[in-house]
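Visitor: Contents of protein-v3.pdb (PDB, C-alpha atoms and all ligand atoms) are given next:
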MODEL        1
ATOM      1  CA  MET Y  27       2.663  -4.229  20.467  1.00  0.00           C
ATOM      2  CA  ASP Y  28      -0.817  -4.101  18.997  1.00  0.00           C
ATOM      3  CA  ASN Y  29      -1.500  -5.895  15.773  1.00  0.00           C
ATOM      4  CA  VAL Y  30      -2.456  -3.774  12.805  1.00  0.00           C
ATOM      5  CA  ILE Y  31      -3.291  -6.806  10.670  1.00  0.00           C
ATOM      6  CA  VAL Y  32      -4.712 -10.113  11.885  1.00  0.00           C
ATOM      7  CA  ALA Y  33      -5.580 -12.902   9.443  1.00  0.00           C
ATOM      8  CA  LYS Y  34      -7.342 -15.996  10.807  1.00  0.00           C
ATOM      9  CA  ASN Y  35      -8.125 -18.883   8.475  1.00  0.00           C
ATOM     10  CA  LEU Y  36      -8.242 -16.283   5.732  1.00  0.00           C
ATOM     11  CA  SER Y  37      -9.263 -17.546   2.307  1.00  0.00           C
ATOM     12  CA  LEU Y  38      -9.467 -15.333  -0.752  1.00  0.00           C
ATOM     13  CA  ALA Y  39     -11.096 -16.110  -4.070  1.00  0.00           C
ATOM     14  CA  TYR Y  40     -12.498 -14.466  -7.174  1.00  0.00           C
ATOM     15  CA  SER Y  41     -15.005 -17.287  -7.737  1.00  0.00           C
ATOM     16  CA  ASN Y  42     -16.343 -20.332  -5.954  1.00  0.00           C
ATOM     17  CA  GLU Y  43     -14.212 -22.664  -8.036  1.00  0.00           C
ATOM     18  CA  GLU Y  44     -10.783 -21.779  -6.739  1.00  0.00           C
ATOM     19  CA  THR Y  45      -9.271 -20.134  -3.682  1.00  0.00           C
ATOM     20  CA  ILE Y  46      -6.150 -18.065  -4.330  1.00  0.00           C
ATOM     21  CA  LEU Y  47      -5.180 -18.004  -0.654  1.00  0.00           C
ATOM     22  CA  ASN Y  48      -6.322 -20.874   1.486  1.00  0.00           C
ATOM     23  CA  GLN Y  49      -6.844 -20.636   5.275  1.00  0.00           C
ATOM     24  CA  CYS Y  50      -3.939 -18.319   5.975  1.00  0.00           C
ATOM     25  CA  ASN Y  51      -2.938 -17.235   9.466  1.00  0.00           C
ATOM     26  CA  PHE Y  52      -0.597 -14.365  10.225  1.00  0.00           C
ATOM     27  CA  THR Y  53      -0.350 -11.121  12.141  1.00  0.00           C
ATOM     28  CA  ILE Y  54       1.471  -7.874  11.444  1.00  0.00           C
ATOM     29  CA  GLY Y  55       2.287  -5.760  14.467  1.00  0.00           C
ATOM     30  CA  SER Y  56       2.062  -2.013  14.781  1.00  0.00           C
ATOM     31  CA  GLY Y  57       5.217  -0.361  13.462  1.00  0.00           C
ATOM     32  CA  GLU Y  58       6.481  -3.406  11.590  1.00  0.00           C
ATOM     33  CA  PHE Y  59       7.934  -3.334   8.090  1.00  0.00           C
ATOM     34  CA  VAL Y  60       6.927  -6.423   6.124  1.00  0.00           C
ATOM     35  CA  PHE Y  61       7.932  -7.555   2.655  1.00  0.00           C
ATOM     36  CA  ILE Y  62       5.664 -10.027   0.875  1.00  0.00           C
ATOM     37  CA  THR Y  63       7.164 -12.064  -1.953  1.00  0.00           C
ATOM     38  CA  GLY Y  64       5.920 -14.930  -4.100  1.00  0.00           C
ATOM     39  CA  ALA Y  65       5.935 -16.073  -7.705  1.00  0.00           C
ATOM     40  CA  SER Y  66       3.949 -14.192 -10.305  1.00  0.00           C
ATOM     41  CA  GLY Y  67       0.287 -15.164  -9.913  1.00  0.00           C
ATOM     42  CA  SER Y  68       0.763 -16.521  -6.377  1.00  0.00           C
ATOM     43  CA  GLY Y  69      -1.728 -14.054  -4.881  1.00  0.00           C
ATOM     44  CA  LYS Y  70       0.351 -11.124  -3.606  1.00  0.00           C
ATOM     45  CA  SER Y  71      -1.844  -8.414  -5.130  1.00  0.00           C
ATOM     46  CA  THR Y  72      -4.929 -10.398  -4.174  1.00  0.00           C
ATOM     47  CA  LEU Y  73      -3.843 -10.350  -0.520  1.00  0.00           C
ATOM     48  CA  LEU Y  74      -3.096  -6.631  -0.602  1.00  0.00           C
ATOM     49  CA  LYS Y  75      -6.457  -5.918  -2.287  1.00  0.00           C
ATOM     50  CA  SER Y  76      -8.240  -7.735   0.514  1.00  0.00           C
ATOM     51  CA  MET Y  77      -6.452  -5.536   3.068  1.00  0.00           C
ATOM     52  CA  TYR Y  78      -7.971  -2.348   1.680  1.00  0.00           C
ATOM     53  CA  GLY Y  79     -11.319  -3.906   0.926  1.00  0.00           C
ATOM     54  CA  GLU Y  80     -11.018  -3.999  -2.852  1.00  0.00           C
ATOM     55  CA  LEU Y  81     -11.619  -7.762  -2.751  1.00  0.00           C
ATOM     56  CA  PRO Y  82     -14.142  -9.141  -0.225  1.00  0.00           C
ATOM     57  CA  VAL Y  83     -12.922 -11.753   2.244  1.00  0.00           C
ATOM     58  CA  TYR Y  84     -14.107 -15.140   0.930  1.00  0.00           C
ATOM     59  CA  SER Y  85     -13.979 -16.896   4.302  1.00  0.00           C
ATOM     60  CA  GLY Y  86     -12.243 -16.556   7.632  1.00  0.00           C
ATOM     61  CA  HIS Y  87     -11.292 -13.269   9.234  1.00  0.00           C
ATOM     62  CA  LEU Y  88      -9.155 -10.331   8.322  1.00  0.00           C
ATOM     63  CA  GLY Y  89      -8.775  -7.473  10.762  1.00  0.00           C
ATOM     64  CA  VAL Y  90      -7.060  -4.291   9.651  1.00  0.00           C
ATOM     65  CA  ALA Y  91      -6.571  -1.459  12.147  1.00  0.00           C
ATOM     66  CA  GLY Y  92      -9.157  -3.081  14.378  1.00  0.00           C
ATOM     67  CA  VAL Y  93     -11.769  -3.269  11.613  1.00  0.00           C
ATOM     68  CA  GLU Y  94     -13.106  -6.668  10.495  1.00  0.00           C
ATOM     69  CA  LEU Y  95     -13.139  -6.942   6.718  1.00  0.00           C
ATOM     70  CA  PHE Y  96     -15.347 -10.021   6.413  1.00  0.00           C
ATOM     71  CA  ASN Y  97     -18.758  -8.604   5.415  1.00  0.00           C
ATOM     72  CA  ILE Y  98     -17.562  -5.060   6.048  1.00  0.00           C
ATOM     73  CA  SER Y  99     -20.093  -2.238   5.709  1.00  0.00           C
ATOM     74  CA  SER Y 100     -19.337   0.619   3.326  1.00  0.00           C
ATOM     75  CA  LYS Y 101     -19.250   2.991   6.302  1.00  0.00           C
ATOM     76  CA  ASN Y 102     -16.525   0.974   8.017  1.00  0.00           C
ATOM     77  CA  LEU Y 103     -14.686   0.591   4.740  1.00  0.00           C
ATOM     78  CA  ASN Y 104     -14.613   4.357   4.269  1.00  0.00           C
ATOM     79  CA  PHE Y 105     -13.350   4.746   7.823  1.00  0.00           C
ATOM     80  CA  LEU Y 106     -10.624   2.165   7.231  1.00  0.00           C
ATOM     81  CA  ARG Y 107      -9.446   3.728   3.987  1.00  0.00           C
ATOM     82  CA  ARG Y 108      -8.954   7.049   5.719  1.00  0.00           C
ATOM     83  CA  HIS Y 109      -6.232   5.352   7.767  1.00  0.00           C
ATOM     84  CA  ILE Y 110      -4.449   3.560   4.946  1.00  0.00           C
ATOM     85  CA  GLY Y 111      -2.074   4.897   2.310  1.00  0.00           C
ATOM     86  CA  ILE Y 112      -1.779   2.869  -0.880  1.00  0.00           C
ATOM     87  CA  VAL Y 113       0.934   2.821  -3.524  1.00  0.00           C
ATOM     88  CA  PHE Y 114       0.314   0.848  -6.722  1.00  0.00           C
ATOM     89  CA  GLN Y 115       2.754  -0.369  -9.339  1.00  0.00           C
ATOM     90  CA  ASP Y 116       1.054   1.781 -11.989  1.00  0.00           C
ATOM     91  CA  TYR Y 117       0.736   4.927  -9.795  1.00  0.00           C
ATOM     92  CA  LYS Y 118      -3.035   5.414 -10.344  1.00  0.00           C
ATOM     93  CA  LEU Y 119      -2.882   9.211 -10.380  1.00  0.00           C
ATOM     94  CA  ILE Y 120      -5.815  11.210 -11.715  1.00  0.00           C
ATOM     95  CA  PRO Y 121      -4.506  12.509 -15.065  1.00  0.00           C
ATOM     96  CA  GLU Y 122      -6.884  15.498 -15.228  1.00  0.00           C
ATOM     97  CA  TRP Y 123      -5.669  16.854 -11.872  1.00  0.00           C
ATOM     98  CA  ASP Y 124      -2.378  18.638 -11.269  1.00  0.00           C
ATOM     99  CA  ILE Y 125       0.037  16.902  -8.931  1.00  0.00           C
ATOM    100  CA  GLU Y 126      -0.838  19.092  -5.954  1.00  0.00           C
ATOM    101  CA  LYS Y 127      -4.498  18.166  -6.239  1.00  0.00           C
ATOM    102  CA  ASN Y 128      -3.558  14.493  -6.617  1.00  0.00           C
ATOM    103  CA  VAL Y 129      -1.575  14.631  -3.375  1.00  0.00           C
ATOM    104  CA  MET Y 130      -4.458  16.459  -1.716  1.00  0.00           C
ATOM    105  CA  LEU Y 131      -6.976  13.738  -2.499  1.00  0.00           C
ATOM    106  CA  PRO Y 132      -6.826  11.981   0.902  1.00  0.00           C
ATOM    107  CA  LEU Y 133      -7.052  15.358   2.643  1.00  0.00           C
ATOM    108  CA  ILE Y 134     -10.069  16.352   0.557  1.00  0.00           C
ATOM    109  CA  ILE Y 135     -11.709  13.032   1.455  1.00  0.00           C
ATOM    110  CA  ALA Y 136     -10.897  13.612   5.119  1.00  0.00           C
ATOM    111  CA  GLY Y 137     -12.527  17.056   4.888  1.00  0.00           C
ATOM    112  CA  TYR Y 138      -9.552  19.315   5.677  1.00  0.00           C
ATOM    113  CA  ALA Y 139      -9.773  22.988   4.812  1.00  0.00           C
ATOM    114  CA  ASN Y 140      -8.096  24.015   1.595  1.00  0.00           C
ATOM    115  CA  ASP Y 141      -5.560  26.409   3.125  1.00  0.00           C
ATOM    116  CA  ILE Y 142      -4.150  23.795   5.500  1.00  0.00           C
ATOM    117  CA  SER Y 143      -3.913  21.346   2.632  1.00  0.00           C
ATOM    118  CA  GLN Y 144      -1.945  23.730   0.351  1.00  0.00           C
ATOM    119  CA  THR Y 145       0.907  24.162   2.823  1.00  0.00           C
ATOM    120  CA  GLN Y 146       0.983  20.486   3.665  1.00  0.00           C
ATOM    121  CA  VAL Y 147       0.951  19.457   0.014  1.00  0.00           C
ATOM    122  CA  GLN Y 148       3.897  21.694  -0.845  1.00  0.00           C
ATOM    123  CA  LYS Y 149       5.833  20.177   2.055  1.00  0.00           C
ATOM    124  CA  LEU Y 150       4.955  16.679   0.884  1.00  0.00           C
ATOM    125  CA  LEU Y 151       6.033  17.383  -2.690  1.00  0.00           C
ATOM    126  CA  SER Y 152       9.366  18.743  -1.438  1.00  0.00           C
ATOM    127  CA  HIS Y 153       9.703  15.652   0.733  1.00  0.00           C
ATOM    128  CA  VAL Y 154       9.495  13.423  -2.363  1.00  0.00           C
ATOM    129  CA  LYS Y 155      11.919  15.768  -4.182  1.00  0.00           C
ATOM    130  CA  LEU Y 156       9.317  17.258  -6.486  1.00  0.00           C
ATOM    131  CA  GLY Y 157       9.215  20.800  -5.138  1.00  0.00           C
ATOM    132  CA  HIS Y 158      10.397  22.031  -8.540  1.00  0.00           C
ATOM    133  CA  GLN Y 159       7.535  20.323 -10.383  1.00  0.00           C
ATOM    134  CA  ILE Y 160       4.618  21.965  -8.553  1.00  0.00           C
ATOM    135  CA  GLY Y 161       1.884  22.953 -11.009  1.00  0.00           C
ATOM    136  CA  LYS Y 162       2.613  20.097 -13.433  1.00  0.00           C
ATOM    137  CA  MET Y 163       0.136  17.463 -14.563  1.00  0.00           C
ATOM    138  CA  PRO Y 164       0.957  13.770 -13.909  1.00  0.00           C
ATOM    139  CA  LEU Y 165       1.579  12.963 -17.567  1.00  0.00           C
ATOM    140  CA  GLU Y 166       4.149  15.750 -17.800  1.00  0.00           C
ATOM    141  CA  LEU Y 167       6.316  13.777 -15.370  1.00  0.00           C
ATOM    142  CA  SER Y 168       8.466  10.651 -15.744  1.00  0.00           C
ATOM    143  CA  GLY Y 169       7.216   7.348 -14.322  1.00  0.00           C
ATOM    144  CA  GLY Y 170       9.562   7.675 -11.375  1.00  0.00           C
ATOM    145  CA  GLU Y 171       8.303  11.179 -10.648  1.00  0.00           C
ATOM    146  CA  GLN Y 172       4.685  10.022 -10.919  1.00  0.00           C
ATOM    147  CA  GLN Y 173       5.356   7.298  -8.388  1.00  0.00           C
ATOM    148  CA  ARG Y 174       6.859   9.893  -6.062  1.00  0.00           C
ATOM    149  CA  VAL Y 175       3.597  11.881  -6.386  1.00  0.00           C
ATOM    150  CA  ALA Y 176       1.734   8.688  -5.484  1.00  0.00           C
ATOM    151  CA  MET Y 177       4.060   8.261  -2.497  1.00  0.00           C
ATOM    152  CA  ALA Y 178       3.331  11.824  -1.342  1.00  0.00           C
ATOM    153  CA  ARG Y 179      -0.391  11.082  -1.713  1.00  0.00           C
ATOM    154  CA  ALA Y 180      -0.013   7.911   0.361  1.00  0.00           C
ATOM    155  CA  LEU Y 181       1.647   9.908   3.152  1.00  0.00           C
ATOM    156  CA  ALA Y 182      -0.653  12.942   3.017  1.00  0.00           C
ATOM    157  CA  HIS Y 183      -3.175  11.874   5.647  1.00  0.00           C
ATOM    158  CA  ASN Y 184      -0.554  10.439   7.996  1.00  0.00           C
ATOM    159  CA  PRO Y 185      -1.852   6.862   7.650  1.00  0.00           C
ATOM    160  CA  ILE Y 186      -1.209   4.197  10.265  1.00  0.00           C
ATOM    161  CA  LEU Y 187      -0.650   1.644   7.502  1.00  0.00           C
ATOM    162  CA  ILE Y 188       0.945   1.913   4.074  1.00  0.00           C
ATOM    163  CA  LEU Y 189       0.260  -0.832   1.545  1.00  0.00           C
ATOM    164  CA  ALA Y 190       2.466  -0.881  -1.545  1.00  0.00           C
ATOM    165  CA  ASP Y 191       2.168  -3.290  -4.469  1.00  0.00           C
ATOM    166  CA  GLU Y 192       5.471  -3.573  -6.354  1.00  0.00           C
ATOM    167  CA  PRO Y 193       5.983   0.175  -5.926  1.00  0.00           C
ATOM    168  CA  THR Y 194       9.383   0.196  -7.634  1.00  0.00           C
ATOM    169  CA  GLY Y 195       8.530  -2.359 -10.331  1.00  0.00           C
ATOM    170  CA  ASN Y 196       8.654   0.112 -13.219  1.00  0.00           C
ATOM    171  CA  LEU Y 197      11.069   2.713 -11.903  1.00  0.00           C
ATOM    172  CA  ASP Y 198      14.513   4.045 -12.718  1.00  0.00           C
ATOM    173  CA  ASN Y 199      17.172   3.436 -10.053  1.00  0.00           C
ATOM    174  CA  TYR Y 200      17.059   6.944  -8.641  1.00  0.00           C
ATOM    175  CA  SER Y 201      13.290   6.961  -8.081  1.00  0.00           C
ATOM    176  CA  ALA Y 202      13.296   3.362  -6.827  1.00  0.00           C
ATOM    177  CA  GLY Y 203      15.958   4.252  -4.266  1.00  0.00           C
ATOM    178  CA  LEU Y 204      13.979   7.294  -3.238  1.00  0.00           C
ATOM    179  CA  ILE Y 205      10.766   5.275  -2.808  1.00  0.00           C
ATOM    180  CA  TRP Y 206      12.569   2.739  -0.582  1.00  0.00           C
ATOM    181  CA  HIS Y 207      14.067   5.582   1.402  1.00  0.00           C
ATOM    182  CA  LEU Y 208      10.666   7.246   1.847  1.00  0.00           C
ATOM    183  CA  LEU Y 209       9.095   3.973   3.007  1.00  0.00           C
ATOM    184  CA  GLU Y 210      11.961   3.433   5.454  1.00  0.00           C
ATOM    185  CA  GLY Y 211      11.520   6.992   6.714  1.00  0.00           C
ATOM    186  CA  ALA Y 212       7.779   6.593   7.244  1.00  0.00           C
ATOM    187  CA  ASN Y 213       8.430   3.404   9.199  1.00  0.00           C
ATOM    188  CA  GLU Y 214      11.346   4.703  11.238  1.00  0.00           C
ATOM    189  CA  GLN Y 215      10.272   8.259  11.949  1.00  0.00           C
ATOM    190  CA  LEU Y 216       6.478   8.100  11.912  1.00  0.00           C
ATOM    191  CA  LYS Y 217       6.236   4.469  13.141  1.00  0.00           C
ATOM    192  CA  THR Y 218       3.925   3.730  10.223  1.00  0.00           C
ATOM    193  CA  THR Y 219       3.289   0.046   9.622  1.00  0.00           C
ATOM    194  CA  VAL Y 220       4.405  -0.772   6.061  1.00  0.00           C
ATOM    195  CA  VAL Y 221       3.492  -3.805   3.941  1.00  0.00           C
ATOM    196  CA  VAL Y 222       5.251  -4.032   0.594  1.00  0.00           C
ATOM    197  CA  VAL Y 223       4.776  -6.617  -2.118  1.00  0.00           C
ATOM    198  CA  THR Y 224       7.956  -6.904  -4.125  1.00  0.00           C
ATOM    199  CA  HIS Y 225       9.791  -9.217  -6.501  1.00  0.00           C
ATOM    200  CA  HIS Y 226      13.086  -8.247  -5.039  1.00  0.00           C
ATOM    201  CA  ILE Y 227      13.980  -7.100  -1.523  1.00  0.00           C
ATOM    202  CA  PRO Y 228      16.710  -4.433  -1.718  1.00  0.00           C
ATOM    203  CA  GLU Y 229      20.079  -5.849  -0.668  1.00  0.00           C
ATOM    204  CA  THR Y 230      20.753  -3.149   1.859  1.00  0.00           C
ATOM    205  CA  PHE Y 231      17.695  -1.965   3.639  1.00  0.00           C
ATOM    206  CA  GLY Y 232      17.737   0.693   6.311  1.00  0.00           C
ATOM    207  CA  VAL Y 233      15.186  -0.644   8.792  1.00  0.00           C
ATOM    208  CA  PRO Y 234      14.575  -4.085  10.342  1.00  0.00           C
ATOM    209  CA  TYR Y 235      11.926  -6.034   8.448  1.00  0.00           C
ATOM    210  CA  ARG Y 236      10.001  -9.296   8.249  1.00  0.00           C
ATOM    211  CA  HIS Y 237       9.640 -11.375   5.149  1.00  0.00           C
ATOM    212  CA  LEU Y 238       6.464 -13.290   4.334  1.00  0.00           C
ATOM    213  CA  HIS Y 239       6.325 -15.561   1.313  1.00  0.00           C
ATOM    214  CA  ILE Y 240       3.243 -16.813  -0.542  1.00  0.00           C
ATOM    215  CA  GLU Y 241       3.356 -20.261  -2.101  1.00  0.00           C
ATOM    216  CA  SER Y 242       0.618 -22.707  -3.125  1.00  0.00           C
ATOM    217  CA  GLY Y 243      -2.088 -20.640  -1.464  1.00  0.00           C
ATOM    218  CA  ASN Y 244      -0.267 -20.415   1.839  1.00  0.00           C
ATOM    219  CA  ILE Y 245       1.758 -17.688   3.465  1.00  0.00           C
ATOM    220  CA  HIS Y 246       4.779 -18.367   5.621  1.00  0.00           C
ATOM    221  CA  GLU Y 247       7.531 -16.472   7.366  1.00  0.00           C
ATOM    222  CA  ILE Y 248      11.038 -16.533   5.989  1.00  0.00           C
ATOM    223  CA  ALA Y 249      13.567 -16.168   8.783  1.00  0.00           C
TER     224      ALA Y 249
HETATM  225  N1  LIG O 301      -9.880  -9.845 -11.035  1.00  0.00           N
HETATM  226  C1  LIG O 301      -9.556 -11.136 -11.089  1.00  0.00           C
HETATM  227  N2  LIG O 301     -10.475 -12.048 -11.421  1.00  0.00           N
HETATM  228  C2  LIG O 301     -10.184 -13.378 -11.459  1.00  0.00           C
HETATM  229  N3  LIG O 301      -8.969 -13.883 -11.173  1.00  0.00           N
HETATM  230  C3  LIG O 301      -8.010 -13.018 -10.818  1.00  0.00           C
HETATM  231  C4  LIG O 301      -8.244 -11.599 -10.762  1.00  0.00           C
HETATM  232  N4  LIG O 301      -7.099 -10.992 -10.381  1.00  0.00           N
HETATM  233  C5  LIG O 301      -6.201 -11.966 -10.223  1.00  0.00           C
HETATM  234  N5  LIG O 301      -6.729 -13.178 -10.473  1.00  0.00           N
HETATM  235  C6  LIG O 301      -6.038 -14.474 -10.369  1.00  0.00           C
HETATM  236  O1  LIG O 301      -5.597 -14.660  -9.039  1.00  0.00           O
HETATM  237  C7  LIG O 301      -4.320 -15.247  -9.010  1.00  0.00           C
HETATM  238  C8  LIG O 301      -3.380 -14.355  -8.204  1.00  0.00           C
HETATM  239  O2  LIG O 301      -3.240 -13.113  -8.855  1.00  0.00           O
HETATM  240  P1  LIG O 301      -2.434 -11.913  -8.218  1.00  0.00           P
HETATM  241  O3  LIG O 301      -2.822 -11.741  -6.810  1.00  0.00           O
HETATM  242  O4  LIG O 301      -2.615 -10.740  -9.120  1.00  0.00           O
HETATM  243  O5  LIG O 301      -0.922 -12.462  -8.310  1.00  0.00           O
HETATM  244  P2  LIG O 301       0.456 -11.743  -7.992  1.00  0.00           P
HETATM  245  O6  LIG O 301       0.169 -10.343  -7.573  1.00  0.00           O
HETATM  246  O7  LIG O 301       1.100 -12.566  -6.926  1.00  0.00           O
HETATM  247  O8  LIG O 301       1.240 -11.809  -9.255  1.00  0.00           O
HETATM  248  C9  LIG O 301      -3.884 -15.416 -10.453  1.00  0.00           C
HETATM  249  O9  LIG O 301      -4.157 -16.758 -10.827  1.00  0.00           O
HETATM  250  C10 LIG O 301      -4.778 -14.475 -11.206  1.00  0.00           C
HETATM  251  O10 LIG O 301      -5.018 -14.936 -12.502  1.00  0.00           O
HETATM  252 MG    MG O 302       0.618  -8.501  -8.408  1.00  0.00          MG
ENDMDL
END
Using the file provided, produce a representation of the structure as structure tokens.
Guide:
Amino acid sequence: MDNVIVAKNLSLAYSNEETILNQCNFTIGSGEFVFITGASGSGKSTLLKSMYGELPVYSGHLGVAGVELFNISSKNLNFLRRHIGIVFQDYKLIPEWDIEKNVMLPLIIAGYANDISQTQVQKLLSHVKLGHQIGKMPLELSGGEQQRVAMARALAHNPILILADEPTGNLDNYSAGLIWHLLEGANEQLKTTVVVVTHHIPETFGVPYRHLHIESGNIHEIA
């Protein structure tokens, strides 16, 4: 099994005064499903941000999909982001765009022709149980529905890695269940590697998973 994520002596910081994560070592293999937990403020979002290059690596090494993130060039960062799907707690949809165009965003970035995208986008919206909402704007939907749009967007370009930061934090039970189910499906059927930061791991979860926990600037495996 190849590793999709390799952290070696990885330290993360927002300033020189304080490291949030301190010399962390871990790997995440291709096709694994990994939950990351930790107290509020422990550095979960910080770690995820480093994985998609939103926060530069302070010291050490972080490889994602074979790309080194320490001192990464913007060209390599663009390449990397084309292979990652991201789901945020607050959806981060573009409010001026209808939901189809929001889902299409990764395909537009990847340069696919419009006609291919249309068909694919309608399939994706049906997949997240929003076929009946096609044509709507994000703010015409409930929070749960908006997160399902974000989930469709994260899947659109068939990423090798999905990163999700408390994706069900603000959702009703139905949409939360659906998001978990969609993440399980991506992992099980498409073999997508999935890394999810969460406060609470669902009691029954449909695929085998690992559990990493962040505490006092360190990350460790929970058996
Ligand atoms: N943009 C930022 N600038 C400076 N400090 C930050 C920033 N974002 C987060 N932090 C600090 O980093 C620490 C970890 O934050 P975060 O990763 O968001 O925690 P978590 O997601 O585990 O709740 C906190 O002490 C927080 O205040
Ligand atoms: Mg957070």
Visitor: Within 12 Å of ligand LIG 301 (chain O) (counting all atoms listed in the file), which residues show up? I'd like them as number ranges by chain.
Guide: Y: 38-47, 62-76, 80-82, 114-115, 190-192, 195, 222-225, 239-245
Visitor: Excluding His207 of chain Y and any residue of its chain fewer than 6 positions from it, enumerate the residues within 10 Å of it, using only C-alpha atoms, and give them as a PyMOL selection string.
Guide: chain Y and resi 154+201+213+231-233
Visitor: Going by the chain IDs and residue numbers used in this file, which residues fall under the PyMOL selection byres (((chain Y and resi 127) around 12) and not hetatm)? Write them as a VMD selection string.
Guide: chain Y and resid 119 to 126 128 to 135 140 143 to 144 146 to 148 150 to 151 160 to 164 175 to 176 178 to 179 182
Visitor: Restricting the calculation to all atoms listed in the file: of Y:Gly57, Y:Asn104, Y:Thr145, Y:Asp116, which residue gets closest to ligand MG 302 (chain O)?
Guide: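 The answer is Y:Asp116, which sits nearest to ligand MG 302 (chain O).
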Visitor: Would you mind reading off the distance between atom CA of Leu216 of chain Y and atom CA of Ile31 of chain Y, one decimal, in Å?
Guide: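 Those two atoms sit 17.9 Å apart.
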Visitor: List as a PyMOL selection string the protein and nucleic acid residues near Leu95 of chain Y, meaning an atom at most 9 Å away when only C-alpha atoms are counted, but skip any in the same chain fewer than 3 places from it.
Guide: chain Y and resi 76-79+82-83+87-90+98-99+102-103
Visitor: Any idea what the distance is between atom CA of Val113 of chain Y and atom CA of Gln172 of chain Y?
Guide: 11.0 Å
Visitor: Could you work out how far atom CA of Ala33 of chain Y lies from atom CA of Asn51 of chain Y, giving the answer in Å with one decimal?
Guide: 5.1 Å
Visitor: When you count only C-alpha atoms and all ligand atoms, which of these residues is closest to ligand MG 302 (chain O): Y:Ala212, Y:Ile227, Y:Gly92, Y:Pro193?
Guide: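 Selected residue with least distance to ligand MG 302 (chain O): Y:Pro193.
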Visitor: Quick check on the file I pasted: which residues fall under the PyMOL selection byres (((chain Y and resi 236) around 7) and not hetatm)? Write them as a short mmCIF file (atom, residue, chain, number, x, y, z; two decimals) with C-alpha atoms, keeping the file's coordinate frame.
Guide:
data_model
loop_
_atom_site.label_atom_id
_atom_site.label_comp_id
_atom_site.auth_asym_id
_atom_site.auth_seq_id
_atom_site.Cartn_x
_atom_site.Cartn_y
_atom_site.Cartn_z
CA PHE Y 59 7.93 -3.33 8.09
CA VAL Y 60 6.93 -6.42 6.12
CA PHE Y 61 7.93 -7.56 2.66
CA TYR Y 235 11.93 -6.03 8.45
CA HIS Y 237 9.64 -11.38 5.15
CA LEU Y 238 6.46 -13.29 4.33
#
Visitor: With 5 Å added on each side, what axis-aligned box encloses every listed atom of segment 73-82 of chain Y? Give the centre and edge lengths in Å to one decimal, as AutoDock Vina command-line options.
Guide:
--center_x -8.6 --center_y -6.3 --center_z 0.1 --size_x 21.0 --size_y 18.0 --size_z 15.9
Visitor: Which residue gives the smallest distance to His109 of chain Y among Y:His226, Y:His158, Y:His183, Y:His246, with only C-alpha atoms counted?
Guide: Y:His183
Visitor: For Leu106 of chain Y, which residue out of Y:Val221, Y:Ile186, Y:Leu208, Y:Phe52 is the nearest one, using only C-alpha atoms?
Guide: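 Ranking Y:Val221, Y:Ile186, Y:Leu208, Y:Phe52 by distance to Leu106 of chain Y, first place goes to Y:Ile186.
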Visitor: For the point (9.4, 2.6, -8.3) in the file's frame, write as a PDB file with C-alpha atoms, in the frame of the given file all residues with an atom no more than 9 Å away, counting all atoms listed in the file.
Guide:
ATOM      1  CA  GLN Y 115       2.754  -0.369  -9.339  1.00  0.00           C
ATOM      2  CA  GLY Y 169       7.216   7.348 -14.322  1.00  0.00           C
ATOM      3  CA  GLY Y 170       9.562   7.675 -11.375  1.00  0.00           C
ATOM      4  CA  GLU Y 171       8.303  11.179 -10.648  1.00  0.00           C
ATOM      5  CA  GLN Y 173       5.356   7.298  -8.388  1.00  0.00           C
ATOM      6  CA  ARG Y 174       6.859   9.893  -6.062  1.00  0.00           C
ATOM      7  CA  GLU Y 192       5.471  -3.573  -6.354  1.00  0.00           C
ATOM      8  CA  PRO Y 193       5.983   0.175  -5.926  1.00  0.00           C
ATOM      9  CA  THR Y 194       9.383   0.196  -7.634  1.00  0.00           C
ATOM     10  CA  GLY Y 195       8.530  -2.359 -10.331  1.00  0.00           C
ATOM     11  CA  ASN Y 196       8.654   0.112 -13.219  1.00  0.00           C
ATOM     12  CA  LEU Y 197      11.069   2.713 -11.903  1.00  0.00           C
ATOM     13  CA  ASP Y 198      14.513   4.045 -12.718  1.00  0.00           C
ATOM     14  CA  ASN Y 199      17.172   3.436 -10.053  1.00  0.00           C
ATOM     15  CA  TYR Y 200      17.059   6.944  -8.641  1.00  0.00           C
ATOM     16  CA  SER Y 201      13.290   6.961  -8.081  1.00  0.00           C
ATOM     17  CA  ALA Y 202      13.296   3.362  -6.827  1.00  0.00           C
ATOM     18  CA  GLY Y 203      15.958   4.252  -4.266  1.00  0.00           C
ATOM     19  CA  LEU Y 204      13.979   7.294  -3.238  1.00  0.00           C
ATOM     20  CA  ILE Y 205      10.766   5.275  -2.808  1.00  0.00           C
ATOM     21  CA  TRP Y 206      12.569   2.739  -0.582  1.00  0.00           C
TER      22      TRP Y 206
END
Visitor: Evaluating the PyMOL selection byres (((chain Y and resi 35) around 8) and not hetatm) on the displayed file yields which residues, as a ChimeraX atom specification?
Guide: /Y:33-34,36-37,48-51,85-87
Visitor: Could you tell me which of Y:Ala180, Y:Leu187, Y:Ala249, Y:Val93 comes closest to Glu58 of chain Y if we count only C-alpha atoms?
Guide: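 Smallest distance to Glu58 of chain Y is found for Y:Leu187.
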